[in-house]
$ cat data.cif   # mmCIF, C-alpha atoms
data_run
loop_
_atom_site.label_atom_id
_atom_site.label_comp_id
_atom_site.auth_asym_id
_atom_site.auth_seq_id
_atom_site.Cartn_x
_atom_site.Cartn_y
_atom_site.Cartn_z
CA MET A 124 0.00 0.00 0.00
CA THR A 125 1.45 3.37 -1.03
CA THR A 126 1.03 6.64 0.87
CA THR A 127 -1.65 7.80 -1.55
CA ASP A 128 -3.72 4.66 -0.88
CA THR A 129 -4.67 6.05 2.54
CA ALA A 130 -6.64 9.11 3.54
CA THR A 131 -3.81 10.49 5.65
CA GLY A 132 -1.35 9.91 2.83
CA ILE A 133 -3.50 11.75 0.28
CA ALA A 134 -4.13 14.67 2.65
CA ALA A 135 -0.43 15.00 3.42
CA ALA A 136 0.44 14.98 -0.28
CA VAL A 137 -2.19 17.63 -1.07
CA ALA A 138 -1.05 19.80 1.84
CA ALA A 139 2.57 19.56 0.67
CA GLY A 140 1.72 20.35 -2.94
CA ARG A 141 2.85 16.94 -4.23
CA LEU A 142 -0.70 16.07 -5.33
CA THR A 143 -3.77 18.07 -6.28
CA ALA A 144 -7.23 17.32 -4.98
CA THR A 145 -8.33 17.12 -8.60
CA ALA A 146 -5.79 14.41 -9.36
CA ALA A 147 -6.81 12.44 -6.26
CA VAL A 148 -10.48 12.62 -7.19
CA GLU A 149 -9.92 11.76 -10.86
CA ALA A 150 -7.91 8.71 -9.81
CA ALA A 151 -10.76 7.59 -7.54
CA LEU A 152 -13.37 8.11 -10.25
CA ALA A 153 -11.25 6.10 -12.68
CA ARG A 154 -10.93 3.23 -10.19
CA ILE A 155 -14.69 3.28 -9.60
CA ALA A 156 -15.37 3.14 -13.34
CA THR A 157 -12.98 0.20 -13.72
CA ARG A 158 -13.81 -1.89 -10.67
CA ASP A 159 -17.37 -1.17 -9.67
CA PRO A 160 -19.13 -2.85 -12.61
CA ASP A 161 -17.85 -6.17 -11.22
CA LEU A 162 -18.25 -5.41 -7.51
CA ASN A 163 -21.45 -3.34 -7.29
CA ALA A 164 -20.37 -1.21 -4.35
CA PHE A 165 -21.80 2.10 -5.63
CA THR A 166 -25.43 3.00 -6.30
CA ASP A 167 -24.65 6.64 -7.16
CA VAL A 168 -21.46 8.35 -8.36
CA THR A 169 -21.41 12.12 -7.79
CA ALA A 170 -18.67 12.91 -10.31
CA ALA A 171 -19.67 16.48 -11.20
CA ARG A 172 -19.99 17.46 -7.56
CA ALA A 173 -16.66 15.83 -6.70
CA ARG A 174 -14.80 17.59 -9.51
CA ALA A 175 -16.22 20.97 -8.51
CA ARG A 176 -15.29 20.38 -4.86
CA ALA A 177 -11.76 19.27 -5.76
CA ALA A 178 -11.25 22.32 -7.98
CA ALA A 179 -12.31 24.59 -5.12
CA ILE A 180 -9.82 22.93 -2.77
CA ASP A 181 -7.03 23.37 -5.34
CA ALA A 182 -7.96 27.03 -5.79
CA ASP A 183 -7.82 27.56 -2.03
CA ARG A 184 -4.40 25.92 -1.89
CA ALA A 185 -3.16 28.09 -4.77
CA ALA A 186 -4.36 31.15 -2.83
CA GLY A 187 -2.32 30.08 0.18
CA LYS A 188 -5.15 28.85 2.38
CA ALA A 189 -4.34 26.06 4.82
CA ALA A 190 -5.39 22.55 3.84
CA GLY A 191 -7.82 20.66 6.04
CA PRO A 192 -6.85 17.38 7.73
CA LEU A 193 -8.62 15.44 4.96
CA ALA A 194 -7.78 17.75 2.04
CA GLY A 195 -8.52 16.10 -1.28
CA VAL A 196 -9.48 12.72 0.21
CA PRO A 197 -12.20 10.99 -1.85
CA PHE A 198 -14.86 9.31 0.27
CA ALA A 199 -18.23 7.64 -0.21
CA VAL A 200 -21.15 6.98 2.11
CA LYS A 201 -23.70 4.23 2.66
CA ASN A 202 -26.85 5.32 0.89
CA LEU A 203 -28.77 5.84 4.12
CA PHE A 204 -26.86 9.15 4.53
CA ASP A 205 -28.53 12.18 3.01
CA VAL A 206 -26.66 13.48 -0.04
CA GLU A 207 -27.94 16.75 -1.44
CA GLY A 208 -29.72 16.15 -4.74
CA LEU A 209 -30.14 12.38 -4.27
CA PRO A 210 -33.06 10.48 -2.74
CA THR A 211 -31.91 8.73 0.42
CA ARG A 212 -32.44 5.11 -0.65
CA ALA A 213 -31.53 3.29 2.57
CA GLY A 214 -31.18 0.26 0.29
CA SER A 215 -34.90 0.21 -0.47
CA LYS A 216 -37.16 0.43 -3.50
CA ILE A 217 -39.67 2.63 -1.69
CA ASN A 218 -37.30 5.37 -0.54
CA ARG A 219 -35.83 6.08 -3.95
CA GLU A 220 -39.19 7.58 -4.89
CA ARG A 221 -38.84 10.21 -2.16
CA PRO A 222 -37.78 13.77 -3.02
CA PRO A 223 -34.02 14.32 -3.20
CA ALA A 224 -32.32 15.40 0.01
CA SER A 225 -32.16 19.18 0.37
CA ARG A 226 -28.80 19.06 2.12
CA ASP A 227 -26.10 16.60 3.11
CA GLY A 228 -26.22 14.64 6.35
CA ALA A 229 -24.30 16.05 9.30
CA LEU A 230 -21.29 13.72 9.02
CA VAL A 231 -21.00 14.27 5.27
CA ARG A 232 -20.86 18.02 5.90
CA ARG A 233 -18.24 17.61 8.60
CA LEU A 234 -15.96 15.47 6.46
CA GLU A 235 -16.21 17.94 3.59
CA ALA A 236 -15.50 20.80 6.01
CA ALA A 237 -12.25 18.95 6.80
CA GLY A 238 -11.38 18.87 3.08
CA ALA A 239 -12.70 15.47 2.03
CA VAL A 240 -14.52 15.08 -1.30
CA LEU A 241 -17.70 13.02 -1.65
CA VAL A 242 -17.64 10.82 -4.76
CA GLY A 243 -20.80 8.78 -4.28
CA ALA A 244 -23.30 6.70 -2.33
CA LEU A 245 -22.90 3.01 -1.59
CA ASN A 246 -24.94 -0.17 -1.79
CA MET A 247 -26.38 -1.60 1.42
CA GLY A 248 -28.82 -4.13 2.78
CA GLU A 249 -32.42 -2.92 2.66
CA TYR A 250 -33.19 -0.54 5.53
CA ALA A 251 -29.95 -1.75 7.22
CA TYR A 252 -31.72 -4.95 8.34
CA ASP A 253 -29.00 -7.23 6.99
CA PHE A 254 -25.68 -8.93 7.73
CA THR A 255 -24.82 -10.10 4.19
CA GLY A 256 -24.51 -7.11 1.84
CA GLU A 257 -27.11 -8.60 -0.51
CA ASN A 258 -29.74 -6.20 -1.83
CA ALA A 259 -32.90 -7.39 -3.59
CA HIS A 260 -33.23 -4.17 -5.60
CA ASP A 261 -29.66 -3.16 -6.46
CA GLY A 262 -28.01 -6.58 -6.40
CA PRO A 263 -25.39 -7.86 -3.95
CA SER A 264 -22.19 -6.06 -3.07
CA ARG A 265 -19.35 -8.37 -4.08
CA ASN A 266 -16.24 -9.02 -2.05
CA PRO A 267 -13.08 -7.82 -3.85
CA HIS A 268 -11.14 -10.79 -2.43
CA ASP A 269 -13.58 -13.18 -4.16
CA PRO A 270 -16.54 -11.71 -6.08
CA GLU A 271 -18.59 -14.83 -5.38
CA ARG A 272 -18.44 -14.01 -1.67
CA MET A 273 -20.44 -11.60 0.49
CA THR A 274 -19.09 -8.27 1.64
CA GLY A 275 -21.07 -8.55 4.83
CA GLY A 276 -23.74 -6.05 5.76
CA SER A 277 -25.48 -3.95 6.04
CA SER A 278 -22.67 -1.52 5.09
CA GLY A 279 -21.61 -3.89 2.31
CA GLY A 280 -20.74 -1.28 -0.28
CA SER A 281 -18.73 0.61 2.33
CA GLY A 282 -16.47 -2.39 2.95
CA GLY A 283 -16.28 -3.45 -0.70
CA ALA A 284 -15.37 -0.01 -2.07
CA LEU A 285 -12.54 0.26 0.45
CA ALA A 286 -11.15 -3.23 -0.04
CA ALA A 287 -11.15 -2.72 -3.81
CA GLY A 288 -9.15 0.50 -3.46
CA MET A 289 -11.87 2.62 -5.06
CA VAL A 290 -11.78 5.12 -2.19
CA PRO A 291 -9.68 5.32 0.99
CA LEU A 292 -12.53 6.29 3.33
CA THR A 293 -16.22 5.40 3.66
CA LEU A 294 -19.03 5.91 6.13
CA GLY A 295 -21.36 3.22 7.37
CA SER A 296 -23.86 2.53 10.11
CA ASP A 297 -23.78 -0.11 12.82
CA THR A 298 -26.79 -1.25 14.84
CA ASN A 299 -26.00 -4.93 15.36
CA GLY A 300 -22.64 -5.13 13.57
CA SER A 301 -23.05 -3.42 10.21
CA ILE A 302 -19.65 -1.68 10.25
CA ARG A 303 -17.74 -4.51 11.90
CA VAL A 304 -19.06 -7.39 9.77
CA PRO A 305 -18.08 -5.79 6.42
CA SER A 306 -14.74 -4.83 7.95
CA ALA A 307 -14.15 -8.48 8.85
CA PHE A 308 -15.31 -9.96 5.55
CA CYS A 309 -13.49 -7.37 3.41
CA GLY A 310 -10.32 -6.93 5.48
CA THR A 311 -10.73 -3.24 6.33
CA PHE A 312 -10.67 -1.22 9.54
CA GLY A 313 -13.91 0.04 11.05
CA LEU A 314 -14.89 2.16 14.03
CA LYS A 315 -18.21 1.93 15.80
CA PRO A 316 -18.04 4.86 18.22
CA THR A 317 -19.80 5.09 21.56
CA PHE A 318 -23.56 5.37 21.19
CA GLY A 319 -24.45 9.06 21.04
CA ARG A 320 -20.97 10.28 20.13
CA LEU A 321 -21.44 11.18 16.45
CA SER A 322 -24.47 12.97 15.04
CA ARG A 323 -27.03 10.85 13.21
CA ALA A 324 -28.85 13.85 11.74
CA GLY A 325 -29.44 13.39 8.04
CA SER A 326 -29.43 9.58 8.03
CA PHE A 327 -32.27 7.09 7.70
CA PRO A 328 -32.89 5.25 11.02
CA PHE A 329 -33.16 1.54 11.73
CA VAL A 330 -33.27 1.11 15.52
CA ALA A 331 -33.10 4.52 17.15
CA SER A 332 -32.03 3.25 20.56
CA PHE A 333 -28.80 1.71 19.28
CA ASP A 334 -28.01 2.96 15.79
CA HIS A 335 -24.43 4.19 15.39
CA LEU A 336 -22.67 5.93 12.49
CA GLY A 337 -18.94 5.68 11.89
CA PRO A 338 -16.03 5.41 9.46
CA LEU A 339 -14.40 2.50 7.63
CA ALA A 340 -10.86 2.98 6.37
CA ARG A 341 -7.65 1.32 5.25
CA SER A 342 -5.65 2.18 8.37
CA VAL A 343 -6.16 3.01 12.03
CA ALA A 344 -4.72 6.49 11.48
CA ASP A 345 -7.37 7.11 8.82
CA LEU A 346 -10.12 6.06 11.23
CA ALA A 347 -8.77 8.47 13.82
CA VAL A 348 -8.54 11.53 11.56
CA ALA A 349 -12.04 10.90 10.16
CA TYR A 350 -13.47 10.35 13.63
CA ASP A 351 -11.94 13.57 14.93
CA ALA A 352 -13.32 15.51 11.97
CA MET A 353 -16.84 14.25 12.68
CA GLN A 354 -16.97 14.92 16.43
CA GLY A 355 -18.94 17.80 17.90
CA GLU A 356 -22.41 18.43 19.26
CA ASP A 357 -25.28 18.78 16.83
CA PRO A 358 -28.62 20.29 17.90
CA ASP A 359 -30.30 18.46 15.01
CA ASP A 360 -29.73 15.06 16.68
CA PRO A 361 -31.77 14.63 19.86
CA TRP A 362 -30.06 11.29 20.58
CA GLN A 363 -26.55 12.69 20.62
CA ALA A 364 -24.82 12.94 23.99
CA PRO A 365 -24.04 16.49 25.18
CA ARG A 366 -20.31 15.89 25.23
CA PRO A 367 -17.49 18.04 23.82
CA PRO A 368 -15.07 16.65 21.21
CA GLU A 369 -12.27 14.46 22.54
CA PRO A 370 -9.68 14.15 19.74
CA VAL A 371 -7.88 10.84 19.40
CA GLY A 372 -5.42 11.62 16.59
CA ASP A 373 -2.39 11.78 18.87
CA ALA A 374 -3.37 8.77 20.96
CA ILE A 375 -2.31 6.02 18.55
CA ALA A 376 1.40 6.80 18.92
CA LYS A 377 1.19 5.99 22.64
CA GLY A 378 0.83 2.30 21.86
CA THR A 379 -0.26 -0.14 24.52
CA THR A 380 2.10 0.92 27.29
CA GLY A 381 0.27 0.84 30.60
CA LEU A 382 -2.93 -0.62 29.19
CA ARG A 383 -4.65 -3.63 30.72
CA ILE A 384 -5.77 -5.77 27.78
CA ALA A 385 -7.86 -8.92 28.11
CA VAL A 386 -9.42 -11.51 25.83
CA ALA A 387 -13.15 -12.26 26.02
CA GLY A 388 -13.73 -15.88 27.02
CA GLY A 389 -16.87 -17.94 27.49
CA TYR A 390 -19.48 -17.00 24.91
CA PHE A 391 -16.83 -15.29 22.74
CA ALA A 392 -14.55 -18.33 22.71
CA ARG A 393 -16.99 -20.81 21.16
CA GLY A 394 -19.49 -21.03 18.34
CA GLY A 395 -17.14 -20.04 15.52
CA GLU A 396 -14.59 -21.46 13.14
CA PRO A 397 -11.16 -22.17 14.72
CA ASP A 398 -9.41 -19.49 12.68
CA CYS A 399 -11.66 -16.81 14.18
CA PHE A 400 -10.30 -17.61 17.62
CA ALA A 401 -6.77 -18.02 16.26
CA ALA A 402 -7.01 -14.45 14.98
CA VAL A 403 -7.89 -13.23 18.47
CA ALA A 404 -5.00 -15.23 19.95
CA ARG A 405 -2.61 -13.71 17.41
CA ALA A 406 -3.81 -10.19 18.19
CA ALA A 407 -3.59 -10.89 21.92
CA GLU A 408 0.00 -12.07 21.57
CA ALA A 409 0.88 -8.96 19.56
CA VAL A 410 -0.31 -6.63 22.33
CA GLY A 411 0.67 -8.76 25.32
CA ALA A 412 -2.83 -9.66 26.46
CA SER A 413 -2.60 -12.64 28.78
CA ARG A 414 -5.77 -12.27 30.83
CA THR A 415 -9.24 -13.64 30.04
CA VAL A 416 -12.50 -12.06 31.16
CA GLU A 417 -16.05 -13.28 30.67
CA ILE A 418 -18.75 -10.90 29.50
CA PRO A 419 -21.79 -12.02 31.51
CA GLU A 420 -24.98 -13.18 29.81
CA ALA A 421 -23.79 -12.29 26.30
CA ALA A 422 -26.13 -14.85 24.73
CA ARG A 423 -29.10 -13.30 26.50
CA ALA A 424 -27.90 -9.87 25.39
CA ARG A 425 -27.95 -11.04 21.79
CA ALA A 426 -31.51 -12.33 22.22
CA ALA A 427 -32.57 -9.02 23.76
CA ALA A 428 -30.92 -7.17 20.87
CA PHE A 429 -32.96 -9.24 18.41
CA ILE A 430 -36.19 -8.40 20.24
CA THR A 431 -35.41 -4.69 20.45
CA SER A 432 -34.30 -4.48 16.81
CA ALA A 433 -37.35 -6.28 15.48
CA SER A 434 -39.81 -4.33 17.61
CA GLU A 435 -38.41 -0.85 16.95
CA ALA A 436 -37.86 -1.47 13.26
CA ALA A 437 -41.39 -2.81 12.86
CA GLY A 438 -42.83 0.29 14.49
CA LEU A 439 -40.85 2.52 12.15
CA HIS A 440 -42.06 0.66 9.06
CA LEU A 441 -45.64 -0.15 10.02
CA ASP A 442 -47.32 2.30 7.63
CA ARG A 443 -45.12 1.29 4.71
CA LEU A 444 -45.72 -2.38 5.44
CA ARG A 445 -49.48 -1.82 5.26
CA GLU A 446 -49.34 0.25 2.09
CA ARG A 447 -46.57 -1.38 0.04
CA PRO A 448 -45.66 -4.84 1.35
CA GLY A 449 -44.76 -6.09 -2.12
CA ASP A 450 -42.04 -3.46 -2.53
CA TYR A 451 -39.90 -4.84 0.30
CA ASP A 452 -37.23 -7.50 0.03
CA PRO A 453 -39.33 -10.49 1.16
CA ALA A 454 -36.76 -11.50 3.78
CA VAL A 455 -36.74 -8.01 5.30
CA ARG A 456 -40.52 -7.71 5.08
CA ASP A 457 -41.00 -11.00 6.92
CA ARG A 458 -38.67 -9.97 9.73
CA LEU A 459 -40.46 -6.64 10.07
CA ILE A 460 -43.88 -8.31 10.14
CA ALA A 461 -42.60 -10.72 12.79
CA GLY A 462 -41.49 -7.69 14.78
CA THR A 463 -45.06 -6.40 14.91
CA THR A 464 -46.12 -9.55 16.77
CA ILE A 465 -43.61 -9.29 19.64
CA PRO A 466 -45.47 -8.81 22.94
CA ALA A 467 -44.87 -5.48 24.68
CA ALA A 468 -43.90 -7.37 27.82
CA TRP A 469 -40.98 -8.96 25.98
CA VAL A 470 -39.75 -5.57 24.81
CA HIS A 471 -40.04 -4.19 28.32
CA ARG A 472 -38.05 -7.12 29.71
CA ALA A 473 -35.40 -6.67 27.02
CA HIS A 474 -34.92 -3.03 28.04
CA ARG A 475 -34.78 -3.92 31.73
CA PHE A 476 -32.20 -6.61 30.97
CA ARG A 477 -30.23 -4.13 28.89
CA ARG A 478 -29.75 -1.86 31.91
CA TRP A 479 -28.64 -4.79 34.07
CA TYR A 480 -26.29 -6.10 31.39
CA ARG A 481 -24.71 -2.69 30.79
CA GLU A 482 -23.90 -2.30 34.48
CA ARG A 483 -22.26 -5.74 34.62
CA VAL A 484 -20.17 -5.18 31.49
CA LEU A 485 -19.06 -1.70 32.55
CA ALA A 486 -17.87 -3.20 35.84
CA LEU A 487 -15.31 -5.21 33.83
CA PHE A 488 -13.64 -1.97 32.82
CA ASP A 489 -12.69 -1.36 36.45
CA GLU A 490 -10.29 -4.27 35.97
CA VAL A 491 -9.23 -3.93 32.31
CA ASP A 492 -9.02 -1.15 29.73
CA VAL A 493 -9.66 -3.05 26.51
CA ILE A 494 -11.19 -6.42 25.61
CA LEU A 495 -10.43 -8.42 22.46
CA ALA A 496 -13.07 -10.64 20.84
CA PRO A 497 -13.73 -12.23 17.44
CA CYS A 498 -15.65 -10.10 14.97
CA THR A 499 -17.47 -12.80 13.02
CA PRO A 500 -17.78 -16.58 13.49
CA CYS A 501 -16.55 -17.26 9.96
CA ARG A 502 -14.90 -15.82 6.87
CA ALA A 503 -17.05 -14.31 4.11
CA LEU A 504 -19.78 -16.69 3.00
CA ARG A 505 -20.85 -17.27 -0.57
CA ILE A 506 -23.45 -14.93 -1.99
CA GLY A 507 -26.83 -16.57 -1.57
CA GLN A 508 -25.60 -19.02 1.06
CA ALA A 509 -28.55 -19.72 3.33
CA THR A 510 -26.97 -21.88 6.06
CA MET A 511 -23.64 -22.30 7.80
CA GLN A 512 -22.00 -24.73 10.21
CA LEU A 513 -21.30 -23.56 13.76
CA ASP A 514 -20.04 -26.09 16.30
CA GLY A 515 -21.10 -28.87 13.95
CA VAL A 516 -24.69 -27.62 13.78
CA THR A 517 -26.35 -26.27 10.64
CA VAL A 518 -27.84 -22.84 11.38
CA PRO A 519 -29.33 -20.03 9.27
CA ALA A 520 -26.47 -17.92 7.93
CA ARG A 521 -27.98 -14.44 7.89
CA PRO A 522 -28.80 -13.96 11.60
CA ASN A 523 -25.75 -15.83 12.90
CA ILE A 524 -23.10 -13.73 11.15
CA GLY A 525 -23.58 -11.18 13.95
CA VAL A 526 -23.30 -13.60 16.84
CA PHE A 527 -20.25 -11.77 18.29
CA THR A 528 -21.12 -8.19 17.35
CA GLN A 529 -24.68 -7.89 18.67
CA PRO A 530 -23.92 -8.23 22.39
CA ILE A 531 -21.50 -5.28 22.16
CA SER A 532 -23.47 -2.72 20.14
CA PHE A 533 -26.54 -3.50 22.26
CA ILE A 534 -25.04 -1.36 25.03
CA GLY A 535 -23.26 1.16 22.83
CA LEU A 536 -19.60 0.39 23.57
CA PRO A 537 -16.92 1.78 21.23
CA VAL A 538 -15.29 -0.89 19.07
CA VAL A 539 -12.57 -0.94 16.42
CA ALA A 540 -12.62 -3.82 13.93
CA VAL A 541 -9.04 -4.77 12.99
CA PRO A 542 -8.24 -7.20 10.15
CA VAL A 543 -5.99 -10.11 11.07
CA ARG A 544 -4.63 -12.56 8.51
CA ILE A 545 -4.65 -16.19 9.58
CA GLY A 546 -3.82 -19.11 7.32
CA GLY A 547 -4.10 -17.18 4.05
CA GLY A 548 -7.34 -16.91 2.13
CA LEU A 549 -10.14 -14.54 3.02
CA PRO A 550 -9.80 -11.93 5.80
CA LEU A 551 -10.90 -12.15 9.42
CA ALA A 552 -11.08 -9.42 12.05
CA VAL A 553 -10.85 -8.86 15.78
CA GLN A 554 -13.04 -6.54 17.83
CA VAL A 555 -11.13 -4.15 20.09
CA ILE A 556 -13.69 -3.10 22.72
CA ALA A 557 -13.36 -0.26 25.23
CA ALA A 558 -15.48 1.50 27.85
CA PRO A 559 -17.83 4.29 26.73
CA TRP A 560 -16.06 7.40 25.42
CA ARG A 561 -12.68 5.62 25.33
CA GLU A 562 -12.29 5.40 21.58
CA ASP A 563 -8.72 6.55 22.21
CA LEU A 564 -7.86 3.32 24.04
CA ALA A 565 -9.49 1.11 21.43
CA LEU A 566 -7.59 2.92 18.66
CA ARG A 567 -4.29 2.65 20.55
CA VAL A 568 -4.65 -1.12 20.78
CA ALA A 569 -5.90 -1.34 17.20
CA GLY A 570 -2.85 0.60 16.05
CA ALA A 571 -0.53 -1.77 17.89
CA ILE A 572 -2.23 -4.80 16.27
CA GLU A 573 -1.98 -3.14 12.86
CA ALA A 574 1.72 -2.47 13.36
#
$ encode --input "data.cif" --output "structure tokens"
Amino acid sequence: MTTTDTATGIAAAVAAGRLTATAAVEAALARIATRDPDLNAFTDVTAARARARAAAIDADRAAGKAAGPLAGVPFAVKNLFDVEGLPTRAGSKINRERPPASRDGALVRRLEAAGAVLVGALNMGEYAYDFTGENAHDGPSRNPHDPERMTGGSSGGSGGALAAGMVPLTLGSDTNGSIRVPSAFCGTFGLKPTFGRLSRAGSFPFVASFDHLGPLARSVADLAVAYDAMQGEDPDDPWQAPRPPEPVGDAIAKGTTGLRIAVAGGYFARGGEPDCFAAVARAAEAVGASRTVEIPEAARARAAAFITSASEAAGLHLDRLRERPGDYDPAVRDRLIAGTTIPAAWVHRAHRFRRWYRERVLALFDEVDVILAPCTPCRALRIGQATMQLDGVTVPARPNIGVFTQPISFIGLPVVAVPVRIGGGLPLAVQVIAAPWREDLALRVAGAIEA
């Protein structure tokens, strides 16, 4: 990977005058034109907008204005983010009939304020209710490592576009694992920040009580610079925590010195292919993690996450389900309809359990700073694969891809997904989990694993 394959490398080259923003954007557009017909990562390419934005950055540089931290960096966003002039598809057939967005989503605006250049919107699972990256309306995102394999979802285009080298930075969303699963299947880095850290204004919701937005990138440093650019309170997002920015850009260089790092045992040490656990062991060895902790009742947390997701999503979609059931992906429609039948008492119990579970997990961070766990139970599955083998048992593939991610996002912890190569072949990834608001610690450990 060369310096201009990463966001930080491109920004440094533009700032130093070794590269123009126009050249960086034209190179990205050329790669998209060459690679995307086979991989189906993009649903919209905003070439005219990107060229105009790049030209403005170059004019500012020629006039002596300082370059932003992401100057000239091409990026693309999952198509649930509002992009001015485009309907916000959210992977659906129904939404593309809505009026075009009147302005960009909050995080798109913040990245462009830092100098980045939007080049398009990306394929995703319908309404983000997906772990595979397969879309019934736009076709499946295809894994650049093997186009017959899934990218993972629901931010499938976000992972695929990165892994193919089409852009060095993308945005995705993560409710039950939708940043971390594509990161694992495609071999990229992903950051799911603490719940409430980054604004969700200008994005289409899935499960309001634990939707997260965040970056995917080709290095930990790129995650950090994008994350810092997107921090800040936003009055347009009522779910965002009233917390000032806490930059992490300088944290990575500190490494793991003084950090207490543990490996998740119990639930997170079974129910997956051996290489998934070998990847965690390799990462643990790299950062000197010798302790094991057990996250209590993780299986029950996953069940509660399923109940909450299905119930909230069904409520959001109820009118559309009544009016246009035939315009949904049948698999998504059936899950949403099932969500309408969940008893209110179950939902209430899931929320009560969530509070209990959060308290027990947070207590672990009195003893350790960071916890390592597998990201997925397997490598990327084949497109269309309906079942998989876990512990010798045949199970449905789609819901079980998120077996290790759901118990973590359920309580909003910050996580970095870090690719780890084991035994050749398709990528795997490790989750680096920290306490709320400690993205800096997760990124420090992720940087040490990357190195």
$ closest_atom_pairs --input "data.cif" --of "range 379-464 of chain A" --to "range 536-552 of chain A" --cutoff "9 Å" --atoms "only C-alpha atoms" --output "CSV"
residue,atom,partner,partner_atom,distance
A:Asp398,CA,A:Ile545,CA,6.6
A:Cys399,CA,A:Leu551,CA,6.7
A:Ala401,CA,A:Ile545,CA,7.2
A:Ala402,CA,A:Val543,CA,5.9
A:Val403,CA,A:Ala552,CA,8.1
A:Arg405,CA,A:Val543,CA,8.0
A:Ala406,CA,A:Val543,CA,7.4
$ closest_residue --input "data.cif" --among "A:Ala164, A:Ala427, A:Ala175, A:Ile375" --to "Trp479 in chain A" --atoms "all atoms listed in the file"
A:Ala427
$ resolve_selection --input "data.cif" --expression "the PyMOL selection byres ((chain A and resi 192-197) around 8)" --output "compact mmCIF listing (two decimals) with C-alpha atoms, keeping the file's coordinate frame"
# COMPACT_ATOMS: atom_id res chain seq x y z
CA ALA A 130 -6.64 9.11 3.54
CA THR A 131 -3.81 10.49 5.65
CA ILE A 133 -3.50 11.75 0.28
CA ALA A 134 -4.13 14.67 2.65
CA ALA A 135 -0.43 15.00 3.42
CA VAL A 137 -2.19 17.63 -1.07
CA ALA A 138 -1.05 19.80 1.84
CA THR A 143 -3.77 18.07 -6.28
CA ALA A 144 -7.23 17.32 -4.98
CA THR A 145 -8.33 17.12 -8.60
CA ALA A 147 -6.81 12.44 -6.26
CA VAL A 148 -10.48 12.62 -7.19
CA ALA A 151 -10.76 7.59 -7.54
CA ALA A 177 -11.76 19.27 -5.76
CA ILE A 180 -9.82 22.93 -2.77
CA ALA A 190 -5.39 22.55 3.84
CA GLY A 191 -7.82 20.66 6.04
CA PHE A 198 -14.86 9.31 0.27
CA ALA A 199 -18.23 7.64 -0.21
CA LEU A 234 -15.96 15.47 6.46
CA ALA A 237 -12.25 18.95 6.80
CA GLY A 238 -11.38 18.87 3.08
CA ALA A 239 -12.70 15.47 2.03
CA VAL A 240 -14.52 15.08 -1.30
CA LEU A 241 -17.70 13.02 -1.65
CA VAL A 242 -17.64 10.82 -4.76
CA VAL A 290 -11.78 5.12 -2.19
CA PRO A 291 -9.68 5.32 0.99
CA LEU A 292 -12.53 6.29 3.33
CA VAL A 348 -8.54 11.53 11.56
CA ALA A 349 -12.04 10.90 10.16
CA ALA A 352 -13.32 15.51 11.97
$ resolve_selection --input "data.cif" --expression "the PyMOL selection byres ((chain A and resi 512-517) around 8)" --output "ChimeraX atom specification"
/A:393-396,500,510-511,518-519
$ closest_residue --input "data.cif" --among "A:Pro316, A:Gly228, A:Gly337, A:Pro210" --to "Ser281 in chain A" --atoms "all atoms listed in the file"
A:Gly337
$ closest_residue --input "data.cif" --among "A:Ala421, A:Ala259, A:Ile430, A:Ala467" --to "Val526 in chain A" --atoms "all atoms listed in the file"
A:Ala421
$ closest_residue --input "data.cif" --among "A:Asn299, A:Thr415, A:Thr464, A:Ser306" --to "Gln529 in chain A" --atoms "all atoms listed in the file"
A:Asn299
$ resolve_selection --input "data.cif" --expression "the PyMOL selection byres ((chain A and resi 530) around 6)" --output "VMD selection string"
chain A and resid 421 424 to 425 528 to 529 531 to 533
$ atom_distance --input "data.cif" --atom1 "CA of Cys498 in chain A" --atom2 "CA of Val555 in chain A"
9.1 Å
$ closest_residue --input "data.cif" --among "A:Thr274, A:Tyr250, A:Ala422, A:Phe312" --to "Leu439 in chain A" --atoms "all atoms listed in the file"
A:Tyr250
$ residues_around --input "data.cif" --residues "Met353 in chain A" --least-positions-apart "6" --cutoff "7 Å" --atoms "only C-alpha atoms" --output "PDB file with C-alpha atoms, in the frame of the given file"
ATOM      1  CA  LEU A 230     -21.290  13.720   9.020  1.00  0.00           C
ATOM      2  CA  ARG A 233     -18.240  17.610   8.600  1.00  0.00           C
ATOM      3  CA  LEU A 234     -15.960  15.470   6.460  1.00  0.00           C
ATOM      4  CA  LEU A 321     -21.440  11.180  16.450  1.00  0.00           C
TER       5      LEU A 321
END
$ closest_residue --input "data.cif" --among "A:Glu573, A:Arg323, A:Met247, A:Leu382" --to "Ala364 in chain A" --atoms "only C-alpha atoms"
A:Arg323
$ residues_near_point --input "data.cif" --point "(-9.3, -7.9, 27.4)" --cutoff "6 Å" --atoms "only C-alpha atoms" --output "MDAnalysis selection string"
chainID A and resid 384:387 493:495
$ residues_near_point --input "data.cif" --point "(-24.4, -2.0, 8.9)" --cutoff "8 Å" --atoms "all atoms listed in the file" --output "PyMOL selection string"
chain A and resi 247-248+251-254+276-279+295-305
$ atom_distance --input "data.cif" --atom1 "CA of Arg226 in chain A" --atom2 "CA of Leu294 in chain A"
16.9 Å
$ atom_distance --input "data.cif" --atom1 "CA of Asp334 in chain A" --atom2 "CA of Ala557 in chain A"
17.7 Å
$ residues_around --input "data.cif" --residues "Phe476 in chain A" --least-positions-apart "4" --cutoff "9 Å" --atoms "all atoms listed in the file" --output "JSON, numbers by chain"
{"A": [423, 424, 427, 471, 472, 480, 481]}
$ residues_around --input "data.cif" --residues "Asp442 in chain A" --least-positions-apart "4" --cutoff "12 Å" --atoms "all atoms listed in the file" --output "PyMOL selection string"
chain A and resi 436-438+446-448+459-460+463
